[in-house]
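Below is start.txt, holding compact mmCIF, C-alpha atoms.
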```txt
# COMPACT_ATOMS: atom_id res chain seq x y z
CA MET A 1 -1.44 -32.64 -34.22
CA PHE A 2 -4.17 -32.80 -31.58
CA GLN A 3 -1.57 -33.28 -28.85
CA LYS A 4 0.37 -30.22 -30.09
CA ILE A 5 -2.78 -28.08 -30.09
CA THR A 6 -3.70 -29.30 -26.62
CA PHE A 7 -0.21 -28.52 -25.31
CA ALA A 8 -0.25 -25.06 -26.88
CA PHE A 9 -3.65 -24.32 -25.37
CA ALA A 10 -2.50 -25.51 -21.95
CA PHE A 11 0.62 -23.35 -22.24
CA LEU A 12 -1.48 -20.29 -23.06
CA LEU A 13 -3.70 -21.00 -20.07
CA LEU A 14 -0.60 -21.23 -17.87
CA LEU A 15 0.70 -17.91 -19.17
CA ASN A 16 -2.65 -16.29 -18.59
CA SER A 17 -2.79 -17.70 -15.05
CA CYS A 18 0.65 -16.27 -14.27
CA ALA A 19 -0.41 -12.89 -15.61
CA VAL A 20 -3.38 -12.88 -13.28
CA GLN A 21 -1.33 -14.01 -10.30
CA GLN A 22 1.04 -11.03 -10.37
CA LYS A 23 0.53 -7.47 -11.56
CA SER A 24 2.55 -4.27 -11.57
CA LEU A 25 0.24 -1.40 -10.68
CA SER A 26 0.38 1.56 -13.07
CA GLU A 27 -1.44 4.88 -13.39
CA ASN A 28 -4.56 3.22 -14.82
CA ASP A 29 -4.98 1.08 -11.71
CA TRP A 30 -5.70 4.05 -9.41
CA TYR A 31 -7.97 7.01 -8.88
CA ALA A 32 -7.12 10.04 -6.76
CA PHE A 33 -9.07 11.54 -3.88
CA THR A 34 -8.18 14.64 -1.89
CA LYS A 35 -9.37 16.31 1.27
CA ASN A 36 -10.95 19.26 -0.55
CA SER A 37 -12.88 17.18 -3.08
CA THR A 38 -15.96 14.98 -2.97
CA GLU A 39 -15.31 13.23 -6.28
CA LYS A 40 -12.79 10.78 -7.66
CA GLN A 41 -10.10 12.45 -9.74
CA LYS A 42 -7.74 11.42 -12.50
CA PRO A 43 -4.45 10.35 -10.86
CA SER A 44 -2.20 12.47 -13.09
CA GLU A 45 -4.22 15.59 -12.30
CA VAL A 46 -3.29 15.30 -8.62
CA TYR A 47 0.09 13.52 -8.52
CA GLU A 48 3.06 13.21 -10.84
CA PHE A 49 3.74 10.02 -12.77
CA SER A 50 7.22 10.15 -14.29
CA ASP A 51 10.40 8.09 -14.69
CA GLY A 52 8.66 4.99 -13.35
CA MET A 53 7.72 6.76 -10.12
CA ILE A 54 4.65 8.20 -8.45
CA ARG A 55 5.66 11.55 -6.95
CA MET A 56 3.25 12.88 -4.33
CA TYR A 57 3.63 16.48 -3.17
CA GLY A 58 1.59 19.62 -2.61
CA GLU A 59 -0.47 21.29 0.08
CA ILE A 60 -3.54 19.04 0.16
CA ASN A 61 -3.80 15.66 1.88
CA GLY A 62 -5.17 12.83 -0.20
CA TYR A 63 -4.46 9.40 -1.64
CA LEU A 64 -4.33 7.13 -4.63
CA MET A 65 -6.90 4.36 -4.27
CA SER A 66 -6.81 1.13 -6.26
CA ASN A 67 -9.74 0.57 -8.59
CA LYS A 68 -9.83 -3.10 -7.63
CA SER A 69 -10.26 -4.96 -4.37
CA TYR A 70 -7.82 -7.69 -3.33
CA LYS A 71 -7.91 -10.69 -1.00
CA ASN A 72 -5.06 -13.00 0.03
CA PHE A 73 -2.24 -11.05 -1.54
CA GLU A 74 1.37 -9.97 -1.26
CA LEU A 75 1.98 -6.29 -1.95
CA SER A 76 5.53 -5.05 -2.53
CA LEU A 77 6.73 -1.52 -3.28
CA GLU A 78 9.52 0.95 -2.71
CA TYR A 79 9.31 4.44 -1.27
CA ARG A 80 11.63 7.31 -0.40
CA TRP A 81 11.16 10.70 1.18
CA ASN A 82 11.57 13.43 -1.41
CA VAL A 83 14.34 15.67 -0.08
CA GLU A 84 14.75 17.96 -3.10
CA GLU A 85 15.08 21.58 -2.05
CA LYS A 86 12.02 22.67 -4.08
CA PHE A 87 9.84 20.24 -2.10
CA LYS A 88 11.31 21.06 1.29
CA THR A 89 8.74 21.30 4.08
CA LYS A 90 8.79 21.70 7.85
CA ASN A 91 6.10 19.04 8.26
CA LYS A 92 7.02 15.84 10.06
CA LYS A 93 7.52 13.14 7.43
CA ASN A 94 4.30 11.16 7.35
CA SER A 95 2.61 8.84 4.86
CA GLY A 96 1.34 5.29 4.71
CA VAL A 97 0.11 2.37 2.66
CA MET A 98 -3.42 1.26 3.46
CA TYR A 99 -4.99 -2.05 2.53
CA ASN A 100 -8.08 -4.19 3.18
CA ILE A 101 -10.20 -1.07 2.70
CA PRO A 102 -13.76 -2.36 2.19
CA ALA A 103 -14.74 -1.90 -1.46
CA ASP A 104 -18.09 -0.36 -0.52
CA TYR A 105 -16.62 2.09 1.99
CA PRO A 106 -17.02 5.74 0.94
CA ASP A 107 -13.97 7.85 0.15
CA LYS A 108 -12.84 10.07 3.00
CA ILE A 109 -9.65 11.18 4.75
CA TRP A 110 -8.96 8.52 6.08
CA PRO A 111 -10.98 5.40 5.18
CA LYS A 112 -11.59 2.22 7.11
CA GLY A 113 -8.81 -0.36 6.86
CA ILE A 114 -5.31 -1.21 7.99
CA GLN A 115 -2.27 0.97 7.43
CA PHE A 116 1.43 0.23 7.15
CA GLN A 117 2.57 3.43 8.81
CA ILE A 118 5.34 5.31 7.01
CA LYS A 119 6.41 8.04 9.38
CA GLU A 120 9.69 9.14 10.89
CA ASN A 121 10.50 7.01 13.94
CA THR A 122 7.35 4.89 13.60
CA THR A 123 7.62 3.28 10.14
CA GLY A 124 6.22 -0.25 10.33
CA ASP A 125 3.50 0.46 12.90
CA PHE A 126 0.04 -0.96 12.29
CA ILE A 127 -2.71 1.66 12.25
CA PHE A 128 -6.18 0.10 12.58
CA LEU A 129 -8.81 2.56 11.40
CA ASP A 130 -12.56 2.78 11.98
CA GLN A 131 -13.09 -0.16 14.35
CA VAL A 132 -10.84 -2.66 12.58
CA THR A 133 -9.32 -5.09 15.08
CA ALA A 134 -6.69 -7.85 15.15
CA LYS A 135 -4.55 -9.81 17.58
CA VAL A 136 -0.92 -8.73 18.01
CA ASN A 137 1.34 -10.86 20.21
CA GLY A 138 -1.71 -12.78 21.39
CA LYS A 139 -3.59 -9.68 22.53
CA LEU A 140 -6.69 -8.26 20.84
CA VAL A 141 -6.21 -4.67 19.70
CA GLU A 142 -9.01 -2.52 21.10
CA ALA A 143 -11.39 -1.18 18.44
CA GLY A 144 -11.33 2.56 17.86
CA ALA A 145 -11.27 5.37 15.32
CA SER A 146 -7.49 5.09 14.88
CA VAL A 147 -5.50 2.61 16.97
CA THR A 148 -1.73 2.11 16.74
CA SER A 149 0.11 -1.15 17.31
CA PRO A 150 3.85 -0.32 17.35
CA LYS A 151 6.44 -1.93 15.12
CA PHE A 152 8.70 -4.61 16.59
CA ILE A 153 11.96 -3.04 15.37
CA GLU A 154 13.30 0.06 13.61
CA ASN A 155 14.62 -0.52 10.08
CA GLU A 156 14.00 2.58 7.95
CA LYS A 157 16.84 3.87 5.79
CA PRO A 158 18.13 7.49 5.88
CA TYR A 159 15.96 10.12 4.20
CA GLY A 160 16.34 10.17 0.44
CA GLU A 161 17.18 6.46 0.15
CA TRP A 162 14.77 3.90 -1.23
CA ASN A 163 13.03 1.60 1.28
CA SER A 164 11.34 -1.68 0.39
CA VAL A 165 7.97 -2.65 1.85
CA VAL A 166 6.29 -6.06 1.68
CA ILE A 167 2.81 -6.69 3.07
CA LYS A 168 1.30 -10.18 3.15
CA SER A 169 -2.39 -10.55 3.98
CA PHE A 170 -3.93 -14.02 4.10
CA ASN A 171 -7.28 -14.81 5.73
CA GLY A 172 -6.74 -12.35 8.59
CA LYS A 173 -3.04 -13.05 9.13
CA ILE A 174 -0.91 -10.06 8.17
CA ILE A 175 2.87 -9.73 8.02
CA GLN A 176 4.69 -6.45 7.38
CA TYR A 177 8.33 -6.28 6.25
CA LEU A 178 10.58 -3.23 5.94
CA ASN A 179 13.86 -3.57 4.06
CA GLY A 180 13.78 -7.34 4.43
CA LYS A 181 13.07 -7.47 8.16
CA LEU A 182 9.82 -8.43 9.88
CA VAL A 183 8.55 -5.28 11.61
CA ASN A 184 4.98 -6.22 12.52
CA GLU A 185 2.57 -9.14 12.48
CA CYS A 186 -1.02 -9.85 13.47
CA ILE A 187 -3.68 -12.54 13.20
CA GLU A 188 -7.48 -12.56 13.13
CA ALA A 189 -7.75 -9.16 11.47
CA SER A 190 -11.40 -8.21 11.14
CA SER A 191 -10.81 -6.72 7.67
CA THR A 192 -9.46 -9.38 5.32
CA GLU A 193 -9.90 -7.92 1.84
CA GLY A 194 -10.37 -4.64 0.04
CA ARG A 195 -8.73 -1.83 -1.86
CA ILE A 196 -5.21 -0.45 -1.45
CA SER A 197 -4.20 3.18 -1.07
CA LEU A 198 -1.01 5.23 -1.10
CA ASN A 199 -1.48 8.09 1.34
CA TYR A 200 -0.22 11.63 0.97
CA GLU A 201 -0.06 13.54 4.24
CA SER A 202 1.71 16.79 3.25
CA SER A 203 5.15 15.13 3.22
CA PRO A 204 6.62 14.82 -0.30
CA ILE A 205 7.21 11.15 -1.06
CA ASP A 206 7.98 8.95 -4.07
CA PHE A 207 6.75 5.40 -4.76
CA LYS A 208 7.87 2.89 -7.39
CA ASN A 209 7.84 -0.82 -8.32
CA ILE A 210 4.36 -1.44 -6.91
CA VAL A 211 3.53 -5.11 -7.45
CA ILE A 212 0.64 -7.20 -6.15
CA LYS A 213 0.24 -10.94 -6.44
CA ASN A 214 -2.24 -13.50 -5.24
CA ILE A 215 -1.08 -15.95 -2.59
CA SER A 216 -2.58 -19.30 -1.61
CA LYS A 217 -0.91 -19.71 1.79
CA ASP A 218 0.48 -17.51 4.56
```

How does this structure look as structure tokens?
Amino acid sequence: MFQKITFAFAFLLLLNSCAVQQKSLSENDWYAFTKNSTEKQKPSEVYEFSDGMIRMYGEINGYLMSNKSYKNFELSLEYRWNVEEKFKTKNKKNSGVMYNIPADYPDKIWPKGIQFQIKENTTGDFIFLDQVTAKVNGKLVEAGASVTSPKFIENEKPYGEWNSVVIKSFNGKIIQYLNGKLVNECIEASSTEGRISLNYESSPIDFKNIVIKNISKD
């Protein structure tokens, strides 16, 4: 009987460990912040959560910021440009996923951290914001307010189709994938942990299947 109880307890611990290791991010895992506000806002009051998607549209730039901070993680998600006629805009398609945003950094457009650039013709670029640095291809990226390190290859799908993004961040080594292909990589990033944001930059965009998991090696 004791052995059965011990096994059951160990099994429950294993299940709990797995639950902690991987998590699908839902509405309750974010808060919203916009350019014309100084306070955190309820996500559903700013963006639409429906049919398993986050739909970001409107006139005001802003973002969804994770409530929690993460270190040594793999983040995966899907996005597509919203091409419905009612959301049509003349703006150049522009968005991004930011990560390793210091937990104590104040909300602003845009915060300190690293961005996986999602923008027509430049999707997959690194954007290092507010003095964040790293080495790309053996060369140190110069610190600045907003510094771009271009993607290695182009691999974005046509507008309206879903694209998959995977970001791996482990002790300063960062790998970015787009639709299964390596598009950027760096080492010795000066920002190694923090919050995650989905950026809205006046280009209607949808996100879904946002999953984060802890990793123990690069």

Give me, as a tab-separated table, each residue of segment 45-104 of chain A that comes within 9 Å of segment 110-124 of chain A, together with its shortest interatomic pair and the distance in Å at one decimal, counting all atoms listed in the file, with rows ordered by chain and rising residue number.
```
residue	atom	partner	partner_atom	distance
A:Gly62	CA	A:Trp110	CA	8.5
A:Tyr63	CA	A:Trp110	CA	9.0
A:Lys92	CA	A:Glu120	CA	7.3
A:Lys93	CA	A:Lys119	CA	5.6
A:Asn94	CA	A:Lys119	CA	4.3
A:Ser95	CA	A:Ile118	CA	5.0
A:Gly96	CA	A:Ile118	CA	4.6
A:Val97	CA	A:Phe116	CA	5.1
A:Met98	CA	A:Gln115	CA	4.1
A:Tyr99	CA	A:Ile114	CA	5.5
A:Asn100	CA	A:Gly113	CA	5.4
A:Ile101	CA	A:Gly113	CA	4.4
A:Pro102	CA	A:Lys112	CA	7.1
```

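Atom CA of Asn163 of chain A is positioned 5.4 Å from atom CA of Glu78 of chain A.
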
- Contact residues around segment 80-85 of chain A with only C-alpha atoms at 6 Å, ignoring same-chain residues under 3 positions, as a count of residues only: 8

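Between atom CA of Lys135 of chain A and atom CA of Glu154 of chain A lies a distance of 20.8 Å.
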
- If we count all atoms listed in the file, what is near Tyr47 of chain A at a cut-off of 12 Å, once residues fewer than 3 positions away on the same chain are taken out, given as a ChimeraX atom specification? /A:27,30-34,41-44,50,53-64,198-200,204-207

Selecting all heavy atoms, how would segment 172-187 of chain A from this structure be written as a short mmCIF file (atom, residue, chain, number, x, y, z; two decimals), in the first residue's frame?
```cif
data_model
loop_
_atom_site.label_atom_id
_atom_site.label_comp_id
_atom_site.auth_asym_id
_atom_site.auth_seq_id
_atom_site.Cartn_x
_atom_site.Cartn_y
_atom_site.Cartn_z
N GLY A 172 21.34 34.14 -22.70
CA GLY A 172 21.95 35.11 -23.62
C GLY A 172 22.07 34.64 -25.05
O GLY A 172 22.39 35.43 -25.94
N LYS A 173 21.84 33.34 -25.30
CA LYS A 173 21.82 32.84 -26.67
C LYS A 173 20.37 32.83 -27.14
O LYS A 173 19.50 32.25 -26.48
CB LYS A 173 22.41 31.44 -26.77
CG LYS A 173 22.39 30.89 -28.19
CD LYS A 173 23.01 29.49 -28.29
CE LYS A 173 22.97 28.97 -29.71
NZ LYS A 173 23.59 27.62 -29.84
N ILE A 174 20.12 33.44 -28.30
CA ILE A 174 18.76 33.56 -28.80
C ILE A 174 18.69 33.08 -30.25
O ILE A 174 19.54 33.44 -31.07
CB ILE A 174 18.26 35.01 -28.71
CG1 ILE A 174 18.25 35.47 -27.25
CG2 ILE A 174 16.87 35.14 -29.32
CD1 ILE A 174 18.02 36.95 -27.07
N ILE A 175 17.68 32.27 -30.52
CA ILE A 175 17.46 31.74 -31.86
C ILE A 175 16.03 32.09 -32.28
O ILE A 175 15.10 31.88 -31.51
CB ILE A 175 17.67 30.22 -31.91
CG1 ILE A 175 19.06 29.84 -31.39
CG2 ILE A 175 17.49 29.70 -33.33
CD1 ILE A 175 19.27 28.35 -31.24
N GLN A 176 15.87 32.60 -33.49
CA GLN A 176 14.55 32.96 -33.99
C GLN A 176 14.25 32.14 -35.26
O GLN A 176 15.05 32.13 -36.20
CB GLN A 176 14.48 34.46 -34.31
CG GLN A 176 14.65 35.34 -33.09
CD GLN A 176 14.36 36.81 -33.34
OE1 GLN A 176 14.05 37.55 -32.42
NE2 GLN A 176 14.46 37.26 -34.59
N TYR A 177 13.10 31.50 -35.26
CA TYR A 177 12.65 30.71 -36.40
C TYR A 177 11.37 31.31 -36.97
O TYR A 177 10.51 31.79 -36.22
CB TYR A 177 12.35 29.26 -36.00
CG TYR A 177 13.55 28.47 -35.54
CD1 TYR A 177 13.89 28.41 -34.19
CD2 TYR A 177 14.32 27.75 -36.45
CE1 TYR A 177 14.99 27.66 -33.76
CE2 TYR A 177 15.41 27.00 -36.03
CZ TYR A 177 15.74 26.96 -34.68
OH TYR A 177 16.81 26.22 -34.26
N LEU A 178 11.23 31.25 -38.29
CA LEU A 178 10.01 31.67 -38.97
C LEU A 178 9.62 30.57 -39.94
O LEU A 178 10.39 30.23 -40.83
CB LEU A 178 10.23 32.99 -39.71
CG LEU A 178 9.05 33.51 -40.53
CD1 LEU A 178 7.86 33.82 -39.62
CD2 LEU A 178 9.44 34.76 -41.33
N ASN A 179 8.43 30.00 -39.71
CA ASN A 179 7.93 28.92 -40.56
C ASN A 179 8.95 27.80 -40.72
O ASN A 179 9.18 27.27 -41.82
CB ASN A 179 7.51 29.47 -41.93
CG ASN A 179 6.35 30.45 -41.80
OD1 ASN A 179 5.42 30.22 -41.04
ND2 ASN A 179 6.43 31.55 -42.54
N GLY A 180 9.57 27.44 -39.59
CA GLY A 180 10.46 26.29 -39.55
C GLY A 180 11.90 26.54 -39.97
O GLY A 180 12.73 25.64 -39.89
N LYS A 181 12.21 27.76 -40.40
CA LYS A 181 13.57 28.07 -40.84
C LYS A 181 14.24 29.07 -39.88
O LYS A 181 13.60 30.01 -39.41
CB LYS A 181 13.57 28.64 -42.25
CG LYS A 181 13.25 27.62 -43.33
CD LYS A 181 13.47 28.19 -44.72
CE LYS A 181 13.22 27.14 -45.78
NZ LYS A 181 13.48 27.67 -47.16
N LEU A 182 15.53 28.84 -39.63
CA LEU A 182 16.30 29.76 -38.81
C LEU A 182 16.46 31.09 -39.55
O LEU A 182 16.99 31.13 -40.66
CB LEU A 182 17.69 29.18 -38.53
CG LEU A 182 18.66 30.07 -37.74
CD1 LEU A 182 18.17 30.26 -36.32
CD2 LEU A 182 20.06 29.46 -37.75
N VAL A 183 15.98 32.18 -38.95
CA VAL A 183 16.08 33.48 -39.61
C VAL A 183 16.99 34.46 -38.89
O VAL A 183 17.41 35.47 -39.46
CB VAL A 183 14.68 34.13 -39.82
CG1 VAL A 183 13.87 33.36 -40.82
CG2 VAL A 183 13.94 34.26 -38.49
N ASN A 184 17.33 34.16 -37.63
CA ASN A 184 18.26 35.04 -36.91
C ASN A 184 18.77 34.34 -35.66
O ASN A 184 18.09 33.47 -35.10
CB ASN A 184 17.60 36.36 -36.54
CG ASN A 184 18.46 37.56 -36.87
OD1 ASN A 184 19.68 37.49 -36.80
ND2 ASN A 184 17.83 38.68 -37.24
N GLU A 185 19.96 34.75 -35.23
CA GLU A 185 20.59 34.12 -34.07
C GLU A 185 21.60 35.07 -33.47
O GLU A 185 22.28 35.81 -34.17
CB GLU A 185 21.27 32.82 -34.49
CG GLU A 185 21.88 32.03 -33.36
CD GLU A 185 22.44 30.69 -33.83
OE1 GLU A 185 22.54 30.49 -35.06
OE2 GLU A 185 22.76 29.85 -32.98
N CYS A 186 21.68 35.07 -32.14
CA CYS A 186 22.69 35.89 -31.47
C CYS A 186 23.15 35.20 -30.20
O CYS A 186 22.52 34.25 -29.72
CB CYS A 186 22.16 37.29 -31.15
SG CYS A 186 20.95 37.35 -29.80
N ILE A 187 24.27 35.67 -29.67
CA ILE A 187 24.78 35.19 -28.38
C ILE A 187 25.11 36.40 -27.52
O ILE A 187 25.16 37.54 -27.99
CB ILE A 187 26.02 34.30 -28.55
CG1 ILE A 187 27.16 35.06 -29.23
CG2 ILE A 187 25.68 33.03 -29.32
CD1 ILE A 187 28.48 34.30 -29.25
#
```
